Amino acid sequence: MGVQQFEGVRVYSVNFGFFRRGAAVTIPGIGIITGSKYANDESLLKHEFGHIIQYRKWGFLFYWLRIAPVSLLSALKSRINPKFNHMHTWTERSANYLAWRYFDRGKMNSQY
(Lines give C-alpha, C1' and ligand atoms only; values in the text may rest on other atoms or scores of the structure.)
Protein backbone atom coordinates (compact mmCIF):
# COMPACT_ATOMS: atom_id res chain seq x y z
CA MET A 1 0.00 0.00 0.00
CA GLY A 2 1.40 3.35 -1.05
CA VAL A 3 0.68 6.58 0.82
CA GLN A 4 0.92 10.11 -0.48
CA GLN A 5 -0.82 13.42 0.23
CA PHE A 6 -3.31 15.57 -1.66
CA GLU A 7 -4.26 18.93 -0.15
CA GLY A 8 -3.01 17.69 3.21
CA VAL A 9 -5.15 14.54 3.08
CA ARG A 10 -3.51 11.12 2.97
CA VAL A 11 -4.10 9.13 -0.20
CA TYR A 12 -3.75 5.37 0.16
CA SER A 13 -3.26 3.39 -3.02
CA VAL A 14 -4.24 -0.25 -2.99
CA ASN A 15 -4.42 -2.92 -5.65
CA PHE A 16 -7.48 -5.08 -5.06
CA GLY A 17 -11.19 -5.32 -5.79
CA PHE A 18 -13.06 -2.39 -7.29
CA PHE A 19 -10.16 -0.08 -6.46
CA ARG A 20 -8.23 -1.66 -9.34
CA ARG A 21 -11.03 -0.46 -11.64
CA GLY A 22 -11.14 3.15 -10.49
CA ALA A 23 -13.24 3.03 -7.34
CA ALA A 24 -12.32 5.36 -4.51
CA VAL A 25 -13.61 6.04 -1.03
CA THR A 26 -13.11 8.99 1.28
CA ILE A 27 -12.98 8.50 5.02
CA PRO A 28 -12.58 11.90 6.68
CA GLY A 29 -9.85 11.83 9.30
CA ILE A 30 -8.22 8.84 7.63
CA GLY A 31 -7.93 9.76 3.97
CA ILE A 32 -8.76 8.83 0.42
CA ILE A 33 -8.40 5.21 -0.69
CA THR A 34 -8.10 4.41 -4.37
CA GLY A 35 -6.44 2.01 -6.77
CA SER A 36 -2.72 2.23 -7.43
CA LYS A 37 -3.32 3.26 -11.08
CA TYR A 38 -5.55 6.15 -9.95
CA ALA A 39 -3.55 7.57 -7.03
CA ASN A 40 -2.33 10.46 -9.22
CA ASP A 41 -5.59 11.07 -11.10
CA GLU A 42 -6.16 14.75 -10.35
CA SER A 43 -9.85 14.71 -11.32
CA LEU A 44 -10.54 11.75 -9.06
CA LEU A 45 -8.60 13.26 -6.16
CA LYS A 46 -10.39 16.60 -6.54
CA HIS A 47 -13.74 14.82 -6.48
CA GLU A 48 -12.81 12.79 -3.41
CA PHE A 49 -11.52 15.95 -1.73
CA GLY A 50 -15.00 17.34 -2.42
CA HIS A 51 -16.26 14.73 0.05
CA ILE A 52 -13.76 16.05 2.60
CA ILE A 53 -15.23 19.51 2.03
CA GLN A 54 -18.74 18.12 2.56
CA TYR A 55 -17.60 16.72 5.90
CA ARG A 56 -16.00 20.02 6.90
CA LYS A 57 -18.98 22.07 5.76
CA TRP A 58 -21.86 20.00 7.14
CA GLY A 59 -20.20 18.08 9.95
CA PHE A 60 -19.76 14.59 11.26
CA LEU A 61 -23.41 13.60 11.69
CA PHE A 62 -24.69 14.82 8.34
CA TYR A 63 -21.71 13.31 6.52
CA TRP A 64 -21.94 9.88 8.16
CA LEU A 65 -25.73 9.65 8.44
CA ARG A 66 -26.75 11.17 5.08
CA ILE A 67 -23.90 11.60 2.61
CA ALA A 68 -21.83 8.45 3.16
CA PRO A 69 -24.73 5.96 3.14
CA VAL A 70 -26.38 7.51 0.07
CA SER A 71 -23.05 7.63 -1.76
CA LEU A 72 -22.15 4.04 -0.88
CA LEU A 73 -25.55 2.67 -1.88
CA SER A 74 -25.43 4.66 -5.10
CA ALA A 75 -21.98 3.29 -5.95
CA LEU A 76 -23.16 -0.25 -5.29
CA LYS A 77 -26.30 0.31 -7.37
CA SER A 78 -24.17 1.51 -10.29
CA ARG A 79 -22.18 -1.75 -10.13
CA ILE A 80 -25.39 -3.77 -10.39
CA ASN A 81 -27.21 -1.57 -12.92
CA PRO A 82 -24.91 -0.14 -15.63
CA LYS A 83 -27.66 2.31 -16.68
CA PHE A 84 -27.57 3.96 -13.25
CA ASN A 85 -25.04 6.79 -13.08
CA HIS A 86 -23.54 7.15 -9.60
CA MET A 87 -22.04 10.53 -10.52
CA HIS A 88 -25.52 11.98 -11.12
CA THR A 89 -26.63 11.59 -7.50
CA TRP A 90 -26.84 14.63 -5.22
CA THR A 91 -23.95 13.45 -3.04
CA GLU A 92 -21.57 13.23 -6.00
CA ARG A 93 -22.79 16.41 -7.69
CA SER A 94 -22.35 18.22 -4.40
CA ALA A 95 -18.80 16.89 -3.99
CA ASN A 96 -17.99 17.97 -7.56
CA TYR A 97 -19.46 21.43 -7.04
CA LEU A 98 -17.62 21.99 -3.78
CA ALA A 99 -14.36 20.77 -5.33
CA TRP A 100 -14.89 23.05 -8.34
CA ARG A 101 -15.43 26.02 -6.04
CA TYR A 102 -12.35 25.11 -4.00
CA PHE A 103 -9.94 24.35 -6.81
CA ASP A 104 -11.13 26.12 -9.93
CA ARG A 105 -12.44 29.32 -8.39
CA GLY A 106 -9.41 29.56 -6.14
CA LYS A 107 -8.79 28.65 -2.55
CA MET A 108 -8.46 32.28 -1.53
CA ASN A 109 -12.06 33.03 -2.53
CA SER A 110 -13.66 29.79 -1.38
CA GLN A 111 -15.66 29.33 1.78
CA TYR A 112 -16.33 25.75 0.58
# chains A, B, ... in the order shown; residues from 1 in each chain; ligands from 1

$ residues_around --residues "Arg10 (chain A)" --least-positions-apart "5" --cutoff "8 Å" --atoms "only C-alpha atoms" --output "VMD selection string"
chain A and resid 3 to 5 30 to 32

$ write_last_selection --atoms "all heavy atoms" --output "PDB file, in the first residue's frame"
ATOM      1  N   VAL A   3       1.330   5.439   0.175  1.00  0.00           N
ATOM      2  CA  VAL A   3       0.684   6.576   0.823  1.00  0.00           C
ATOM      3  C   VAL A   3       1.311   7.852   0.300  1.00  0.00           C
ATOM      4  O   VAL A   3       2.533   7.967   0.207  1.00  0.00           O
ATOM      5  CB  VAL A   3       0.836   6.519   2.360  1.00  0.00           C
ATOM      6  CG1 VAL A   3       0.136   7.698   3.019  1.00  0.00           C
ATOM      7  CG2 VAL A   3       0.309   5.214   2.922  1.00  0.00           C
ATOM      8  N   GLN A   4       0.474   8.793  -0.060  1.00  0.00           N
ATOM      9  CA  GLN A   4       0.922  10.114  -0.480  1.00  0.00           C
ATOM     10  C   GLN A   4      -0.055  11.118   0.101  1.00  0.00           C
ATOM     11  O   GLN A   4      -0.920  10.764   0.887  1.00  0.00           O
ATOM     12  CB  GLN A   4       0.989  10.210  -2.001  1.00  0.00           C
ATOM     13  CG  GLN A   4      -0.370  10.035  -2.673  1.00  0.00           C
ATOM     14  CD  GLN A   4      -0.260   9.892  -4.170  1.00  0.00           C
ATOM     15  OE1 GLN A   4       0.454   9.033  -4.651  1.00  0.00           O
ATOM     16  NE2 GLN A   4      -0.974  10.727  -4.893  1.00  0.00           N
ATOM     17  N   GLN A   5       0.077  12.384  -0.282  1.00  0.00           N
ATOM     18  CA  GLN A   5      -0.815  13.422   0.226  1.00  0.00           C
ATOM     19  C   GLN A   5      -1.410  14.207  -0.932  1.00  0.00           C
ATOM     20  O   GLN A   5      -0.773  14.375  -1.971  1.00  0.00           O
ATOM     21  CB  GLN A   5      -0.048  14.387   1.122  1.00  0.00           C
ATOM     22  CG  GLN A   5       0.479  13.762   2.377  1.00  0.00           C
ATOM     23  CD  GLN A   5      -0.144  14.368   3.610  1.00  0.00           C
ATOM     24  OE1 GLN A   5      -0.545  15.508   3.623  1.00  0.00           O
ATOM     25  NE2 GLN A   5      -0.233  13.572   4.661  1.00  0.00           N
ATOM     26  N   ILE A  30      -9.138   9.917   8.022  1.00  0.00           N
ATOM     27  CA  ILE A  30      -8.222   8.835   7.633  1.00  0.00           C
ATOM     28  C   ILE A  30      -7.610   9.143   6.279  1.00  0.00           C
ATOM     29  O   ILE A  30      -6.406   9.149   6.121  1.00  0.00           O
ATOM     30  CB  ILE A  30      -8.934   7.469   7.634  1.00  0.00           C
ATOM     31  CG1 ILE A  30      -9.330   7.133   9.075  1.00  0.00           C
ATOM     32  CG2 ILE A  30      -8.058   6.385   7.007  1.00  0.00           C
ATOM     33  CD1 ILE A  30     -10.112   5.878   9.254  1.00  0.00           C
ATOM     34  N   GLY A  31      -8.452   9.390   5.283  1.00  0.00           N
ATOM     35  CA  GLY A  31      -7.931   9.757   3.974  1.00  0.00           C
ATOM     36  C   GLY A  31      -8.773   9.235   2.828  1.00  0.00           C
ATOM     37  O   GLY A  31      -9.909   8.823   2.997  1.00  0.00           O
ATOM     38  N   ILE A  32      -8.159   9.281   1.670  1.00  0.00           N
ATOM     39  CA  ILE A  32      -8.764   8.827   0.422  1.00  0.00           C
ATOM     40  C   ILE A  32      -8.105   7.505   0.058  1.00  0.00           C
ATOM     41  O   ILE A  32      -6.880   7.395   0.083  1.00  0.00           O
ATOM     42  CB  ILE A  32      -8.538   9.860  -0.702  1.00  0.00           C
ATOM     43  CG1 ILE A  32      -9.218  11.189  -0.347  1.00  0.00           C
ATOM     44  CG2 ILE A  32      -9.012   9.329  -2.052  1.00  0.00           C
ATOM     45  CD1 ILE A  32      -8.790  12.360  -1.228  1.00  0.00           C
TER      46      ILE A  32
END

$ select_by_dssp --residues "chain A" --states "strand (DSSP E or B)" --output "list in words"
Gly2, Val3, Gln4, Gln5, Phe6, Val9, Arg10, Val11, Tyr12, Ser13, Val14, Ala24, Val25, Thr26, Ile27, Gly31, Ile32, Ile33, Thr34 and Gly35 of chain A

$ residues_around --residues "region 45-60 of chain A" --least-positions-apart "4" --cutoff "12 Å" --atoms "only C-alpha atoms" --output "ChimeraX atom specification"
/A:4-13,22-35,38-41,64-68,71,87,90-104,110-112

$ select_by_dssp --residues "chain A" --states "alpha helix (DSSP H)" --output "ChimeraX atom specification"
/A:42-62,68-80,90-99

$ atom_distance --atom1 "CA of Arg20 (chain A)" --atom2 "CA of Ala75 (chain A)"
15.0 Å

$ closest_residue --among "A:Leu61, A:Arg21, A:Lys37, A:Pro69" --to "Gly2 (chain A)" --atoms "only C-alpha atoms"
A:Lys37

$ atom_distance --atom1 "CA of Phe62 (chain A)" --atom2 "CA of Thr89 (chain A)"
16.3 Å

$ atom_distance --atom1 "CA of Met1 (chain A)" --atom2 "CA of Ser43 (chain A)"
21.0 Å
